[in-house]
Structure formats: structure tokens, C-alpha cells
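**Student:** Sharing a structure with you now.
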Amino acid sequence: MSGQYIAAFIMFFITVSFTTVFWLPVISFKQKNPLLRFYWKGFWAFLSGLTALAGMQSVFIILGFNVQKITTALLFGVTVSFVVFVMFAWGRLSLKAVTTVMAKPDTLTAS
């Protein structure tokens, strides 16, 4: 077996391992609020997707394929959409928290 295939297999195994590790928080910590659960799963899905794309790029480069332009464009697109997703989630969850606090003003005052 060629050293190139062994290196690609090792990189593939590392990619699958890290992608799986990114799913552990989703499995370990259950969120009760449906809105928070959606963003919790989405955050970790984006991280594992970024890891999978980066690993895929590395495996194909190790195997000698010229995929630099395509995978770089995909990685850039997923990275930008991840940032937009996180910022939108932050804004939406912050707005939800503020409206919840404003709707119950007597929870802030201690007796």
C-alpha cells in the first residue's frame, strides 16, 4: 500500500474523529427550550461541517487531486454562513431574553 494512501486514510480517520467529537455536546446536553435547542444543534452542526470540509480538502490534497479552488470556496461559504448564523442567533436569543425580562418586571425586584 502506498504511503500516500496511508496518509490519506489517517487524515480521513482524524477528520471523522473530530467531526464526531463536535456532536458530543449535542448528545450530552439536552436543551429544554425549542429555540435554544435549534441554535445549540445548529452551532455544533456548523462546526462539524466546517471540520468535515477542511478534512475533506486535506484528504483530497494528500491524494493528489487539484481541489484547492473548489474546496476553498466551499469552506469560505460555510464559514461566512456560520458567522451569520451565530450573529443572528445571538441577536434573536438576546431579544427573546430582553422581552422575557420586560414582560415580567416583578422578577427583578427582591422582597
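All residue names refer to the C-alpha cells as shown: chains lettered A, B, ... in order, residues numbered from 1 in each chain, ligands numbered from 1 in order.
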Could you give me, as a PyMOL selection string, the residues within 12 Å of Trp90 (chain A), counting only C-alpha atoms and dropping anything in the same chain fewer than 3 positions from it?

**Tutor:** chain A and resi 35-36+39-40+43+83-87+93-97

**Student:** If DSSP is run on the backbone, what residues of chain A are helix (DSSP H, G or I)? A reply as a PyMOL selection string would be ideal.

**Tutor:** chain A and resi 3-28+34-62+68-103+105-107

**Student:** Which residue, A:Phe76, A:Tyr5, A:Phe65, A:Trp23, has the smallest gap to Leu50 (chain A) when you use only C-alpha atoms?

**Tutor:** A:Phe76

**Student:** Could you produce a table of the residues of region 33-82 of chain A lying within 8 Å of region 7-22 of chain A, with the nearest pair of atoms per residue and their separation in Å rounded to one decimal, using only C-alpha atoms, ordered by chain and increasing residue number, as CSV?

**Tutor:**
residue,atom,partner,partner_atom,distance
A:Trp44,CA,A:Phe22,CA,6.1
A:Ala45,CA,A:Phe22,CA,7.8
A:Leu47,CA,A:Phe22,CA,6.9
A:Ser48,CA,A:Thr19,CA,4.8
A:Gly49,CA,A:Thr19,CA,7.5
A:Thr51,CA,A:Thr19,CA,6.0
A:Ala52,CA,A:Thr15,CA,6.2
A:Gly55,CA,A:Thr15,CA,5.1
A:Met56,CA,A:Phe12,CA,7.4
A:Ser58,CA,A:Met11,CA,7.3
A:Val59,CA,A:Ala8,CA,5.1
A:Phe60,CA,A:Ala8,CA,7.7
A:Ile62,CA,A:Ala8,CA,5.8
A:Leu63,CA,A:Ala8,CA,6.4

**Student:** Please list as a list in words every residue within 9 Å of Val78 (chain A), counting only C-alpha atoms and excluding residues in the same chain fewer than 3 positions away.

**Tutor:**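 Returned residues: Phe46, Gly49, Leu50, Leu53, Ala73, Leu74, Leu75, Ser81, Phe82 and Val83 of chain A.
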
**Student:** May I ask for the distance between CA of Leu24 (chain A) and CA of Gly42 (chain A), given in Å to one decimal place?

**Tutor:**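 For CA of Leu24 (chain A) relative to CA of Gly42 (chain A), the distance reads 13.3 Å.
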
**Student:** Between CA of Met102 (chain A) and CA of Arg37 (chain A), what is the distance in Å, rounded to a tenth?

**Tutor:** 22.8 Å

**Student:** Hey, can you check how far CA of Lys30 (chain A) sits from CA of Val98 (chain A)?

**Tutor:** 23.2 Å
